[in-house]
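Chemist: Below is the file start_20.pdb, with PDB, C-alpha atoms and all ligand atoms.
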```pdb
ATOM      1  CA  MET A   1      35.691-119.525   5.089  1.00  0.00           C
ATOM      2  CA  THR A   2      36.206-120.942   8.590  1.00  0.00           C
ATOM      3  CA  TRP A   3      38.884-123.176  10.146  1.00  0.00           C
ATOM      4  CA  ARG A   4      36.538-126.103   9.528  1.00  0.00           C
ATOM      5  CA  ASP A   5      36.394-125.247   5.800  1.00  0.00           C
ATOM      6  CA  PHE A   6      40.147-124.814   5.759  1.00  0.00           C
ATOM      7  CA  PHE A   7      40.820-128.287   7.171  1.00  0.00           C
ATOM      8  CA  ASP A   8      37.986-129.761   5.108  1.00  0.00           C
ATOM      9  CA  GLY A   9      39.444-128.284   1.935  1.00  0.00           C
ATOM     10  CA  ASP A  10      42.369-128.934  -0.277  1.00  0.00           C
ATOM     11  CA  TYR A  11      44.874-127.061   1.868  1.00  0.00           C
ATOM     12  CA  SER A  12      47.833-128.437   3.712  1.00  0.00           C
ATOM     13  CA  ILE A  13      49.812-127.215   6.658  1.00  0.00           C
ATOM     14  CA  TYR A  14      52.590-129.638   5.655  1.00  0.00           C
ATOM     15  CA  VAL A  15      55.181-128.552   3.139  1.00  0.00           C
ATOM     16  CA  ASN A  16      55.522-131.990   1.536  1.00  0.00           C
ATOM     17  CA  ALA A  17      54.838-135.691   2.096  1.00  0.00           C
ATOM     18  CA  ARG A  18      58.067-136.191   4.037  1.00  0.00           C
ATOM     19  CA  HIS A  19      57.136-133.402   6.460  1.00  0.00           C
ATOM     20  CA  LYS A  20      53.706-135.007   6.987  1.00  0.00           C
ATOM     21  CA  LEU A  21      55.212-138.455   7.630  1.00  0.00           C
ATOM     22  CA  LEU A  22      57.954-137.269   9.984  1.00  0.00           C
ATOM     23  CA  HIS A  23      55.392-135.195  11.867  1.00  0.00           C
ATOM     24  CA  ALA A  24      52.999-138.174  12.219  1.00  0.00           C
ATOM     25  CA  ASP A  25      55.853-140.364  13.446  1.00  0.00           C
ATOM     26  CA  LEU A  26      56.927-137.795  16.045  1.00  0.00           C
ATOM     27  CA  ILE A  27      53.376-137.344  17.353  1.00  0.00           C
ATOM     28  CA  ALA A  28      52.746-141.094  17.576  1.00  0.00           C
ATOM     29  CA  LYS A  29      56.014-141.657  19.481  1.00  0.00           C
ATOM     30  CA  GLY A  30      55.296-138.709  21.764  1.00  0.00           C
ATOM     31  CA  LEU A  31      51.783-139.945  22.571  1.00  0.00           C
ATOM     32  CA  ALA A  32      52.913-143.561  22.967  1.00  0.00           C
ATOM     33  CA  ALA A  33      55.280-142.442  25.736  1.00  0.00           C
ATOM     34  CA  HIS A  34      52.249-141.313  27.776  1.00  0.00           C
ATOM     35  CA  ILE A  35      50.109-144.432  27.301  1.00  0.00           C
ATOM     36  CA  PRO A  36      49.918-145.881  30.802  1.00  0.00           C
ATOM     37  CA  ARG A  37      48.972-149.499  29.997  1.00  0.00           C
ATOM     38  CA  PRO A  38      48.293-151.638  26.923  1.00  0.00           C
ATOM     39  CA  ASP A  39      44.611-152.152  27.842  1.00  0.00           C
ATOM     40  CA  VAL A  40      43.600-148.477  27.592  1.00  0.00           C
ATOM     41  CA  ARG A  41      40.965-146.939  25.318  1.00  0.00           C
ATOM     42  CA  ILE A  42      42.223-143.747  23.717  1.00  0.00           C
ATOM     43  CA  LEU A  43      40.521-140.944  21.810  1.00  0.00           C
ATOM     44  CA  ASP A  44      42.706-138.858  19.489  1.00  0.00           C
ATOM     45  CA  TYR A  45      40.582-135.694  19.216  1.00  0.00           C
ATOM     46  CA  GLY A  46      41.345-133.505  16.180  1.00  0.00           C
ATOM     47  CA  CYS A  47      43.592-136.290  14.922  1.00  0.00           C
ATOM     48  CA  GLY A  48      44.057-135.041  11.342  1.00  0.00           C
ATOM     49  CA  GLU A  49      45.029-137.809   8.917  1.00  0.00           C
ATOM     50  CA  ALA A  50      46.700-139.724  11.773  1.00  0.00           C
ATOM     51  CA  LEU A  51      49.167-141.478   9.479  1.00  0.00           C
ATOM     52  CA  SER A  52      50.741-143.307  12.426  1.00  0.00           C
ATOM     53  CA  ALA A  53      47.446-144.506  13.923  1.00  0.00           C
ATOM     54  CA  ARG A  54      48.422-148.143  13.342  1.00  0.00           C
ATOM     55  CA  VAL A  55      51.565-147.723  15.468  1.00  0.00           C
ATOM     56  CA  LEU A  56      49.533-146.139  18.278  1.00  0.00           C
ATOM     57  CA  SER A  57      46.821-148.800  18.016  1.00  0.00           C
ATOM     58  CA  GLU A  58      49.445-151.457  18.759  1.00  0.00           C
ATOM     59  CA  ARG A  59      50.011-149.791  22.141  1.00  0.00           C
ATOM     60  CA  CYS A  60      46.403-149.751  23.330  1.00  0.00           C
ATOM     61  CA  ALA A  61      43.188-151.785  23.349  1.00  0.00           C
ATOM     62  CA  ARG A  62      41.156-149.367  21.239  1.00  0.00           C
ATOM     63  CA  LEU A  63      41.959-146.157  19.394  1.00  0.00           C
ATOM     64  CA  TYR A  64      39.108-143.795  18.580  1.00  0.00           C
ATOM     65  CA  LEU A  65      39.848-141.136  15.986  1.00  0.00           C
ATOM     66  CA  TYR A  66      37.813-137.956  15.646  1.00  0.00           C
ATOM     67  CA  ASP A  67      38.334-134.892  13.491  1.00  0.00           C
ATOM     68  CA  SER A  68      35.827-132.123  12.842  1.00  0.00           C
ATOM     69  CA  ALA A  69      36.583-132.031   9.078  1.00  0.00           C
ATOM     70  CA  PRO A  70      34.315-134.507   7.193  1.00  0.00           C
ATOM     71  CA  SER A  71      36.843-135.042   4.376  1.00  0.00           C
ATOM     72  CA  VAL A  72      39.546-135.913   6.920  1.00  0.00           C
ATOM     73  CA  ARG A  73      37.170-138.410   8.572  1.00  0.00           C
ATOM     74  CA  ALA A  74      36.461-140.009   5.185  1.00  0.00           C
ATOM     75  CA  LYS A  75      40.213-140.510   4.607  1.00  0.00           C
ATOM     76  CA  LEU A  76      40.617-141.924   8.116  1.00  0.00           C
ATOM     77  CA  ALA A  77      37.760-144.366   7.588  1.00  0.00           C
ATOM     78  CA  SER A  78      39.142-145.699   4.311  1.00  0.00           C
ATOM     79  CA  SER A  79      42.747-145.960   5.500  1.00  0.00           C
ATOM     80  CA  ASN A  80      41.904-147.775   8.772  1.00  0.00           C
ATOM     81  CA  ILE A  81      39.100-149.990   7.529  1.00  0.00           C
ATOM     82  CA  GLU A  82      40.987-153.232   8.170  1.00  0.00           C
ATOM     83  CA  ASN A  83      42.162-152.435  11.679  1.00  0.00           C
ATOM     84  CA  PRO A  84      39.597-153.659  14.247  1.00  0.00           C
ATOM     85  CA  LYS A  85      41.266-151.665  17.037  1.00  0.00           C
ATOM     86  CA  ILE A  86      40.732-148.316  15.261  1.00  0.00           C
ATOM     87  CA  VAL A  87      37.277-146.724  15.258  1.00  0.00           C
ATOM     88  CA  VAL A  88      36.629-143.490  13.368  1.00  0.00           C
ATOM     89  CA  LEU A  89      33.966-141.358  15.055  1.00  0.00           C
ATOM     90  CA  ASP A  90      31.748-138.571  13.783  1.00  0.00           C
ATOM     91  CA  GLU A  91      29.874-136.064  15.961  1.00  0.00           C
ATOM     92  CA  SER A  92      27.005-138.407  16.782  1.00  0.00           C
ATOM     93  CA  THR A  93      29.091-141.521  17.508  1.00  0.00           C
ATOM     94  CA  LEU A  94      31.448-139.418  19.624  1.00  0.00           C
ATOM     95  CA  ASP A  95      28.468-138.076  21.521  1.00  0.00           C
ATOM     96  CA  ALA A  96      27.130-141.619  21.969  1.00  0.00           C
ATOM     97  CA  LEU A  97      30.298-142.932  23.673  1.00  0.00           C
ATOM     98  CA  PRO A  98      29.219-143.894  27.199  1.00  0.00           C
ATOM     99  CA  ASP A  99      30.407-141.723  30.074  1.00  0.00           C
ATOM    100  CA  GLY A 100      33.604-143.035  31.639  1.00  0.00           C
ATOM    101  CA  SER A 101      34.459-145.137  28.596  1.00  0.00           C
ATOM    102  CA  LEU A 102      37.870-143.598  27.815  1.00  0.00           C
ATOM    103  CA  ASP A 103      41.164-143.868  29.689  1.00  0.00           C
ATOM    104  CA  MET A 104      43.074-141.266  27.700  1.00  0.00           C
ATOM    105  CA  ILE A 105      42.242-138.377  25.361  1.00  0.00           C
ATOM    106  CA  ALA A 106      44.913-136.739  23.212  1.00  0.00           C
ATOM    107  CA  VAL A 107      44.415-133.292  21.720  1.00  0.00           C
ATOM    108  CA  VAL A 108      47.495-132.408  19.699  1.00  0.00           C
ATOM    109  CA  SER A 109      47.904-129.113  17.887  1.00  0.00           C
ATOM    110  CA  VAL A 110      44.180-128.323  17.997  1.00  0.00           C
ATOM    111  CA  LEU A 111      43.616-125.783  20.794  1.00  0.00           C
ATOM    112  CA  GLN A 112      44.882-122.934  18.632  1.00  0.00           C
ATOM    113  CA  TYR A 113      41.799-123.384  16.421  1.00  0.00           C
ATOM    114  CA  VAL A 114      39.355-123.462  19.340  1.00  0.00           C
ATOM    115  CA  GLY A 115      37.756-120.412  20.971  1.00  0.00           C
ATOM    116  CA  ASP A 116      37.188-119.983  24.733  1.00  0.00           C
ATOM    117  CA  ALA A 117      33.544-121.127  24.768  1.00  0.00           C
ATOM    118  CA  GLU A 118      34.277-124.210  22.678  1.00  0.00           C
ATOM    119  CA  LEU A 119      37.251-125.150  24.846  1.00  0.00           C
ATOM    120  CA  ALA A 120      35.075-124.961  27.980  1.00  0.00           C
ATOM    121  CA  ARG A 121      32.466-127.167  26.260  1.00  0.00           C
ATOM    122  CA  LEU A 122      35.133-129.656  25.142  1.00  0.00           C
ATOM    123  CA  LEU A 123      36.629-129.920  28.633  1.00  0.00           C
ATOM    124  CA  GLU A 124      33.169-130.831  29.965  1.00  0.00           C
ATOM    125  CA  ILE A 125      32.764-133.522  27.287  1.00  0.00           C
ATOM    126  CA  PHE A 126      36.262-134.877  27.952  1.00  0.00           C
ATOM    127  CA  ARG A 127      35.562-135.022  31.692  1.00  0.00           C
ATOM    128  CA  GLU A 128      32.345-136.964  31.092  1.00  0.00           C
ATOM    129  CA  LYS A 129      33.908-139.475  28.716  1.00  0.00           C
ATOM    130  CA  LEU A 130      37.035-140.152  30.814  1.00  0.00           C
ATOM    131  CA  VAL A 131      37.191-142.574  33.718  1.00  0.00           C
ATOM    132  CA  ASP A 132      38.187-141.174  37.124  1.00  0.00           C
ATOM    133  CA  GLY A 133      41.923-140.578  36.959  1.00  0.00           C
ATOM    134  CA  GLY A 134      41.804-140.710  33.129  1.00  0.00           C
ATOM    135  CA  LEU A 135      44.474-138.773  31.288  1.00  0.00           C
ATOM    136  CA  LEU A 136      43.904-135.733  29.063  1.00  0.00           C
ATOM    137  CA  VAL A 137      46.983-134.837  27.011  1.00  0.00           C
ATOM    138  CA  LEU A 138      46.876-131.300  25.614  1.00  0.00           C
ATOM    139  CA  ALA A 139      49.860-131.066  23.325  1.00  0.00           C
ATOM    140  CA  ASP A 140      51.536-128.595  21.002  1.00  0.00           C
ATOM    141  CA  VAL A 141      49.748-125.754  22.804  1.00  0.00           C
ATOM    142  CA  VAL A 142      50.841-122.347  21.532  1.00  0.00           C
ATOM    143  CA  SER A 143      51.948-119.993  24.296  1.00  0.00           C
ATOM    144  CA  ARG A 144      51.048-116.302  24.182  1.00  0.00           C
ATOM    145  CA  ASP A 145      54.639-115.217  23.684  1.00  0.00           C
ATOM    146  CA  LEU A 146      55.196-117.428  20.626  1.00  0.00           C
ATOM    147  CA  GLY A 147      54.831-115.660  17.286  1.00  0.00           C
ATOM    148  CA  PRO A 148      54.675-116.911  13.677  1.00  0.00           C
ATOM    149  CA  LEU A 149      58.389-116.156  13.306  1.00  0.00           C
ATOM    150  CA  ASP A 150      59.239-118.521  16.173  1.00  0.00           C
ATOM    151  CA  ASP A 151      57.054-121.189  14.533  1.00  0.00           C
ATOM    152  CA  ALA A 152      58.824-120.618  11.205  1.00  0.00           C
ATOM    153  CA  ARG A 153      62.277-120.881  12.823  1.00  0.00           C
ATOM    154  CA  GLU A 154      61.350-124.136  14.604  1.00  0.00           C
ATOM    155  CA  LEU A 155      59.929-125.580  11.371  1.00  0.00           C
ATOM    156  CA  LEU A 156      63.164-124.785   9.548  1.00  0.00           C
ATOM    157  CA  GLY A 157      65.149-126.585  12.288  1.00  0.00           C
ATOM    158  CA  PHE A 158      62.873-129.636  11.954  1.00  0.00           C
ATOM    159  CA  ALA A 159      63.189-129.490   8.158  1.00  0.00           C
ATOM    160  CA  TRP A 160      66.987-129.244   8.341  1.00  0.00           C
ATOM    161  CA  ARG A 161      67.177-132.311  10.591  1.00  0.00           C
ATOM    162  CA  GLY A 162      64.553-134.155   8.505  1.00  0.00           C
ATOM    163  CA  GLY A 163      66.054-133.401   5.097  1.00  0.00           C
ATOM    164  CA  PHE A 164      63.267-131.245   3.674  1.00  0.00           C
ATOM    165  CA  LEU A 165      64.712-127.759   4.161  1.00  0.00           C
ATOM    166  CA  PHE A 166      64.159-126.533   0.599  1.00  0.00           C
ATOM    167  CA  ALA A 167      60.501-127.622   0.638  1.00  0.00           C
ATOM    168  CA  ALA A 168      60.069-125.893   4.009  1.00  0.00           C
ATOM    169  CA  LEU A 169      61.429-122.608   2.643  1.00  0.00           C
ATOM    170  CA  VAL A 170      59.064-122.801  -0.334  1.00  0.00           C
ATOM    171  CA  GLY A 171      56.189-123.821   1.943  1.00  0.00           C
ATOM    172  CA  LEU A 172      56.773-120.915   4.317  1.00  0.00           C
ATOM    173  CA  ALA A 173      56.806-118.442   1.444  1.00  0.00           C
ATOM    174  CA  ARG A 174      53.566-119.938   0.104  1.00  0.00           C
ATOM    175  CA  MET A 175      51.980-119.854   3.551  1.00  0.00           C
ATOM    176  CA  ALA A 176      52.870-116.189   3.964  1.00  0.00           C
ATOM    177  CA  LEU A 177      50.736-115.499   0.888  1.00  0.00           C
ATOM    178  CA  SER A 178      47.985-117.989   1.605  1.00  0.00           C
ATOM    179  CA  ASP A 179      44.562-118.221   3.229  1.00  0.00           C
ATOM    180  CA  TYR A 180      46.149-119.770   6.315  1.00  0.00           C
ATOM    181  CA  ARG A 181      47.762-116.475   7.212  1.00  0.00           C
ATOM    182  CA  SER A 182      44.630-114.415   6.615  1.00  0.00           C
ATOM    183  CA  LEU A 183      42.490-116.984   8.451  1.00  0.00           C
ATOM    184  CA  ARG A 184      44.781-116.678  11.459  1.00  0.00           C
ATOM    185  CA  GLU A 185      44.063-112.970  11.437  1.00  0.00           C
ATOM    186  CA  LYS A 186      40.349-113.320  10.685  1.00  0.00           C
ATOM    187  CA  PHE A 187      39.228-116.322  12.756  1.00  0.00           C
ATOM    188  CA  GLY A 188      41.784-116.072  15.482  1.00  0.00           C
ATOM    189  CA  PHE A 189      44.507-118.315  16.643  1.00  0.00           C
ATOM    190  CA  SER A 190      44.142-119.103  20.327  1.00  0.00           C
ATOM    191  CA  THR A 191      47.233-118.890  22.486  1.00  0.00           C
ATOM    192  CA  TYR A 192      47.569-119.752  26.174  1.00  0.00           C
ATOM    193  CA  ASP A 193      49.441-118.773  29.288  1.00  0.00           C
ATOM    194  CA  GLU A 194      50.414-121.705  31.452  1.00  0.00           C
ATOM    195  CA  PRO A 195      48.711-120.285  34.612  1.00  0.00           C
ATOM    196  CA  ASP A 196      45.453-119.543  32.718  1.00  0.00           C
ATOM    197  CA  LEU A 197      45.292-123.025  31.237  1.00  0.00           C
ATOM    198  CA  ARG A 198      46.030-124.578  34.651  1.00  0.00           C
ATOM    199  CA  ALA A 199      43.214-122.499  36.178  1.00  0.00           C
ATOM    200  CA  LEU A 200      40.803-123.495  33.405  1.00  0.00           C
ATOM    201  CA  LEU A 201      41.636-127.179  33.825  1.00  0.00           C
ATOM    202  CA  ALA A 202      41.132-126.904  37.598  1.00  0.00           C
ATOM    203  CA  GLU A 203      37.718-125.277  36.998  1.00  0.00           C
ATOM    204  CA  HIS A 204      36.753-128.373  35.010  1.00  0.00           C
ATOM    205  CA  ASP A 205      38.066-130.770  37.665  1.00  0.00           C
ATOM    206  CA  PHE A 206      41.354-131.731  36.075  1.00  0.00           C
ATOM    207  CA  SER A 207      44.734-131.776  37.790  1.00  0.00           C
ATOM    208  CA  CYS A 208      47.510-130.511  35.565  1.00  0.00           C
ATOM    209  CA  ALA A 209      51.238-131.023  35.113  1.00  0.00           C
ATOM    210  CA  ARG A 210      53.396-129.544  32.388  1.00  0.00           C
ATOM    211  CA  ALA A 211      55.312-132.259  30.533  1.00  0.00           C
ATOM    212  CA  PRO A 212      59.073-131.662  30.334  1.00  0.00           C
ATOM    213  CA  GLN A 213      58.930-132.132  26.554  1.00  0.00           C
ATOM    214  CA  ASN A 214      56.363-130.944  24.055  1.00  0.00           C
ATOM    215  CA  ILE A 215      54.878-133.566  21.730  1.00  0.00           C
ATOM    216  CA  GLY A 216      55.868-132.237  18.318  1.00  0.00           C
ATOM    217  CA  HIS A 217      58.962-130.696  16.799  1.00  0.00           C
ATOM    218  CA  ASN A 218      58.521-127.259  18.379  1.00  0.00           C
ATOM    219  CA  GLN A 219      59.855-127.260  21.928  1.00  0.00           C
ATOM    220  CA  LYS A 220      58.636-123.693  22.381  1.00  0.00           C
ATOM    221  CA  ARG A 221      55.082-125.073  22.396  1.00  0.00           C
ATOM    222  CA  MET A 222      53.748-126.836  25.495  1.00  0.00           C
ATOM    223  CA  THR A 223      52.266-130.178  26.515  1.00  0.00           C
ATOM    224  CA  PHE A 224      50.041-130.547  29.572  1.00  0.00           C
ATOM    225  CA  LEU A 225      49.157-133.816  31.269  1.00  0.00           C
ATOM    226  CA  ALA A 226      45.817-133.414  32.997  1.00  0.00           C
ATOM    227  CA  ALA A 227      44.133-136.088  35.093  1.00  0.00           C
ATOM    228  CA  ARG A 228      40.377-136.217  35.621  1.00  0.00           C
ATOM    229  CA  LEU A 229      39.744-135.700  39.301  1.00  0.00           C
ATOM    230  CA  GLN A 230      37.055-137.722  41.005  1.00  0.00           C
ATOM    231  CA  ALA A 231      33.757-135.860  41.238  1.00  0.00           C
ATOM    232  CA  ASP A 232      32.794-134.766  44.814  1.00  0.00           C
TER
HETATM  233  C1  LIG B 301      47.145-128.969  12.991  1.00  0.00           C
HETATM  234  S1  LIG B 301      46.080-130.299  12.671  1.00  0.00           S
HETATM  235  C2  LIG B 301      46.641-131.452  13.902  1.00  0.00           C
HETATM  236  C3  LIG B 301      46.346-132.874  13.543  1.00  0.00           C
HETATM  237  C4  LIG B 301      46.925-133.896  14.535  1.00  0.00           C
HETATM  238  N1  LIG B 301      46.360-133.756  15.849  1.00  0.00           N
HETATM  239  C5  LIG B 301      48.428-133.790  14.592  1.00  0.00           C
HETATM  240  O1  LIG B 301      48.959-133.260  15.558  1.00  0.00           O
HETATM  241  O2  LIG B 301      49.060-134.217  13.633  1.00  0.00           O
HETATM  242  C6  LIG B 301      44.578-129.733  13.374  1.00  0.00           C
HETATM  243  C7  LIG B 301      43.410-130.712  13.185  1.00  0.00           C
HETATM  244  O3  LIG B 301      42.398-130.351  14.112  1.00  0.00           O
HETATM  245  C8  LIG B 301      41.144-130.418  13.496  1.00  0.00           C
HETATM  246  N2  LIG B 301      40.287-129.468  14.211  1.00  0.00           N
HETATM  247  C9  LIG B 301      40.338-128.134  14.196  1.00  0.00           C
HETATM  248  N3  LIG B 301      39.407-127.627  15.021  1.00  0.00           N
HETATM  249  C10 LIG B 301      38.774-128.688  15.574  1.00  0.00           C
HETATM  250  C11 LIG B 301      37.723-128.828  16.515  1.00  0.00           C
HETATM  251  N4  LIG B 301      37.152-127.758  17.034  1.00  0.00           N
HETATM  252  N5  LIG B 301      37.320-130.066  16.848  1.00  0.00           N
HETATM  253  C12 LIG B 301      37.915-131.158  16.312  1.00  0.00           C
HETATM  254  N6  LIG B 301      38.920-131.098  15.420  1.00  0.00           N
HETATM  255  C13 LIG B 301      39.343-129.872  15.061  1.00  0.00           C
HETATM  256  C14 LIG B 301      41.396-130.033  12.059  1.00  0.00           C
HETATM  257  O4  LIG B 301      40.393-130.507  11.188  1.00  0.00           O
HETATM  258  C15 LIG B 301      42.778-130.637  11.808  1.00  0.00           C
HETATM  259  O5  LIG B 301      42.699-131.917  11.238  1.00  0.00           O
END
```
Rewrite the coordinates I just gave you, this time as structure tokens.
Modeler:
Amino acid sequence: MTWRDFFDGDYSIYVNARHKLLHADLIAKGLAAHIPRPDVRILDYGCGEALSARVLSERCARLYLYDSAPSVRAKLASSNIENPKIVVLDESTLDALPDGSLDMIAVVSVLQYVGDAELARLLEIFREKLVDGGLLVLADVVSRDLGPLDDARELLGFAWRGGFLFAALVGLARMALSDYRSLREKFGFSTYDEPDLRALLAEHDFSCARAPQNIGHNQKRMTFLAARLQAD
């Protein structure tokens, strides 16, 4: 099994429906705060089920959704079928987007599942698809000094505030026994140092600023706002 199979399968990283909804709401609000103008075209890359896509779509001209898991894309397509502003992409339609056709790309809670070579390839694609000055938001990035225990503690805080503490305790116990834990060990879970990520973004012609607040419930994770620099 790979990460792709994991996300394509019947697994969930959410402990219950309330967790999933509160998470989607938090991500949509966090991303909306970075949308520069209402006429922008946004790609949410690795969007998951994107339950708050409608809310985000009201803040922009067009919202493209892409996820590498085919079953997730099928759910996205059926749940957004009536919204003309939302377009669900697959690999080939993503590839076919013209260069310079996006103003903003959001990548939230995805980099941990991406290896070094794939990240370099993705940054090249993002640079091509963004307009000059376009914004790349890398959010919920896991820093090297953050362990699973920190993640568990932050989840419990979120669950306490959101009224799903018992489900979170059960979910954490289940996760400790599940494939997710062994996959983390087997397929890797990428973590980043701020200076390394800044250097990588600079190599791919992006400026980079660390946002004061992470998008997501875990303020120990990081959000970076990178702007596509004009090619020489
Ligand atoms: C933790 S979920 C995050 C979903 C959403 N961005 C959010 O924050 O709610 C990770 C998502 O990234 C997708 N994913 C993982 N690796 C990916 C990759 N290399 N390219 C695109 N999507 C990927 C998974 O299928 C999954 O839906």
Chemist: Name the residues in contact with segment 3-10 of chain A at a cut-off of 6 Å, using only C-alpha atoms, excluding same-chain residues fewer than 2 positions from it; report them as a VMD selection string.
Modeler: chain A and resid 1 69 71
Chemist: Would you write out those residues with C-alpha atoms, as a compact mmCIF listing (two decimals), in the frame of the given file?
Modeler:
```
# COMPACT_ATOMS: atom_id res chain seq x y z
CA MET A 1 35.69 -119.52 5.09
CA ALA A 69 36.58 -132.03 9.08
CA SER A 71 36.84 -135.04 4.38
```
Chemist: Let me see if you get this right: every residue at most 9 Å from ligand LIG 301 (chain B), counting only C-alpha atoms and all ligand atoms, written as a ChimeraX atom specification.
Modeler: /A:3-8,13,20,23-24,26-28,44-51,66-73,106-115,118-119,122,139-140,215-216
Chemist: Just to be explicit: take each residue in the selection above, keep C-alpha atoms, and write the result as a short mmCIF file (atom, residue, chain, number, x, y, z; two decimals), in the frame of the given file.
Modeler:
```
data_model
loop_
_atom_site.label_atom_id
_atom_site.label_comp_id
_atom_site.auth_asym_id
_atom_site.auth_seq_id
_atom_site.Cartn_x
_atom_site.Cartn_y
_atom_site.Cartn_z
CA TRP A 3 38.88 -123.18 10.15
CA ARG A 4 36.54 -126.10 9.53
CA ASP A 5 36.39 -125.25 5.80
CA PHE A 6 40.15 -124.81 5.76
CA PHE A 7 40.82 -128.29 7.17
CA ASP A 8 37.99 -129.76 5.11
CA ILE A 13 49.81 -127.22 6.66
CA LYS A 20 53.71 -135.01 6.99
CA HIS A 23 55.39 -135.20 11.87
CA ALA A 24 53.00 -138.17 12.22
CA LEU A 26 56.93 -137.79 16.05
CA ILE A 27 53.38 -137.34 17.35
CA ALA A 28 52.75 -141.09 17.58
CA ASP A 44 42.71 -138.86 19.49
CA TYR A 45 40.58 -135.69 19.22
CA GLY A 46 41.34 -133.50 16.18
CA CYS A 47 43.59 -136.29 14.92
CA GLY A 48 44.06 -135.04 11.34
CA GLU A 49 45.03 -137.81 8.92
CA ALA A 50 46.70 -139.72 11.77
CA LEU A 51 49.17 -141.48 9.48
CA TYR A 66 37.81 -137.96 15.65
CA ASP A 67 38.33 -134.89 13.49
CA SER A 68 35.83 -132.12 12.84
CA ALA A 69 36.58 -132.03 9.08
CA PRO A 70 34.32 -134.51 7.19
CA SER A 71 36.84 -135.04 4.38
CA VAL A 72 39.55 -135.91 6.92
CA ARG A 73 37.17 -138.41 8.57
CA ALA A 106 44.91 -136.74 23.21
CA VAL A 107 44.42 -133.29 21.72
CA VAL A 108 47.50 -132.41 19.70
CA SER A 109 47.90 -129.11 17.89
CA VAL A 110 44.18 -128.32 18.00
CA LEU A 111 43.62 -125.78 20.79
CA GLN A 112 44.88 -122.93 18.63
CA TYR A 113 41.80 -123.38 16.42
CA VAL A 114 39.35 -123.46 19.34
CA GLY A 115 37.76 -120.41 20.97
CA GLU A 118 34.28 -124.21 22.68
CA LEU A 119 37.25 -125.15 24.85
CA LEU A 122 35.13 -129.66 25.14
CA ALA A 139 49.86 -131.07 23.32
CA ASP A 140 51.54 -128.60 21.00
CA ILE A 215 54.88 -133.57 21.73
CA GLY A 216 55.87 -132.24 18.32
#
```
Chemist: Residues proximal to (41.7, -148.7, 21.5) were defined as those with any atom within 12 Å of that point in the file's coordinates, counting only C-alpha atoms. Which are they, as a PDB file with C-alpha atoms, in the frame of the given file?
Modeler:
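This went into out-v8.pdb:
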```
ATOM      1  CA  ILE A  35      50.109-144.432  27.301  1.00  0.00           C
ATOM      2  CA  ARG A  37      48.972-149.499  29.997  1.00  0.00           C
ATOM      3  CA  PRO A  38      48.293-151.638  26.923  1.00  0.00           C
ATOM      4  CA  ASP A  39      44.611-152.152  27.842  1.00  0.00           C
ATOM      5  CA  VAL A  40      43.600-148.477  27.592  1.00  0.00           C
ATOM      6  CA  ARG A  41      40.965-146.939  25.318  1.00  0.00           C
ATOM      7  CA  ILE A  42      42.223-143.747  23.717  1.00  0.00           C
ATOM      8  CA  LEU A  43      40.521-140.944  21.810  1.00  0.00           C
ATOM      9  CA  ASP A  44      42.706-138.858  19.489  1.00  0.00           C
ATOM     10  CA  ALA A  53      47.446-144.506  13.923  1.00  0.00           C
ATOM     11  CA  ARG A  54      48.422-148.143  13.342  1.00  0.00           C
ATOM     12  CA  VAL A  55      51.565-147.723  15.468  1.00  0.00           C
ATOM     13  CA  LEU A  56      49.533-146.139  18.278  1.00  0.00           C
ATOM     14  CA  SER A  57      46.821-148.800  18.016  1.00  0.00           C
ATOM     15  CA  GLU A  58      49.445-151.457  18.759  1.00  0.00           C
ATOM     16  CA  ARG A  59      50.011-149.791  22.141  1.00  0.00           C
ATOM     17  CA  CYS A  60      46.403-149.751  23.330  1.00  0.00           C
ATOM     18  CA  ALA A  61      43.188-151.785  23.349  1.00  0.00           C
ATOM     19  CA  ARG A  62      41.156-149.367  21.239  1.00  0.00           C
ATOM     20  CA  LEU A  63      41.959-146.157  19.394  1.00  0.00           C
ATOM     21  CA  TYR A  64      39.108-143.795  18.580  1.00  0.00           C
ATOM     22  CA  LEU A  65      39.848-141.136  15.986  1.00  0.00           C
ATOM     23  CA  ASN A  83      42.162-152.435  11.679  1.00  0.00           C
ATOM     24  CA  PRO A  84      39.597-153.659  14.247  1.00  0.00           C
ATOM     25  CA  LYS A  85      41.266-151.665  17.037  1.00  0.00           C
ATOM     26  CA  ILE A  86      40.732-148.316  15.261  1.00  0.00           C
ATOM     27  CA  VAL A  87      37.277-146.724  15.258  1.00  0.00           C
ATOM     28  CA  VAL A  88      36.629-143.490  13.368  1.00  0.00           C
ATOM     29  CA  SER A 101      34.459-145.137  28.596  1.00  0.00           C
ATOM     30  CA  LEU A 102      37.870-143.598  27.815  1.00  0.00           C
ATOM     31  CA  ASP A 103      41.164-143.868  29.689  1.00  0.00           C
ATOM     32  CA  MET A 104      43.074-141.266  27.700  1.00  0.00           C
ATOM     33  CA  ILE A 105      42.242-138.377  25.361  1.00  0.00           C
TER      34      ILE A 105
END
```
Chemist: Measuring between all atoms listed in the file, which one of A:Asp179, A:Asp150, A:Glu203, A:Glu194 shows the shortest distance to Ala120 of chain A?
Modeler: A:Glu203
Chemist: Please report the interatomic distance between atom CA of Glu154 of chain A and atom CA of Val142 of chain A in Å with one decimal.
Modeler: 12.7 Å
Chemist: Please compute the atom CA of Gly100 of chain A-atom CA of Gly134 of chain A distance, one decimal, in Å.
Modeler: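 Distance reported for this atom pair: 8.7 Å.
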Chemist: Please evaluate the PyMOL selection byres (((chain A and resi 205) around 9) and not hetatm) against the displayed coordinates and give the resulting residues as a short mmCIF file (atom, residue, chain, number, x, y, z; two decimals) with C-alpha atoms, in the coordinates of the input.
Modeler:
```cif
data_model
loop_
_atom_site.label_atom_id
_atom_site.label_comp_id
_atom_site.auth_asym_id
_atom_site.auth_seq_id
_atom_site.Cartn_x
_atom_site.Cartn_y
_atom_site.Cartn_z
CA ARG A 127 35.56 -135.02 31.69
CA LEU A 200 40.80 -123.50 33.40
CA LEU A 201 41.64 -127.18 33.83
CA ALA A 202 41.13 -126.90 37.60
CA GLU A 203 37.72 -125.28 37.00
CA HIS A 204 36.75 -128.37 35.01
CA PHE A 206 41.35 -131.73 36.08
CA SER A 207 44.73 -131.78 37.79
CA ALA A 227 44.13 -136.09 35.09
CA ARG A 228 40.38 -136.22 35.62
CA LEU A 229 39.74 -135.70 39.30
CA GLN A 230 37.06 -137.72 41.00
CA ALA A 231 33.76 -135.86 41.24
#
```
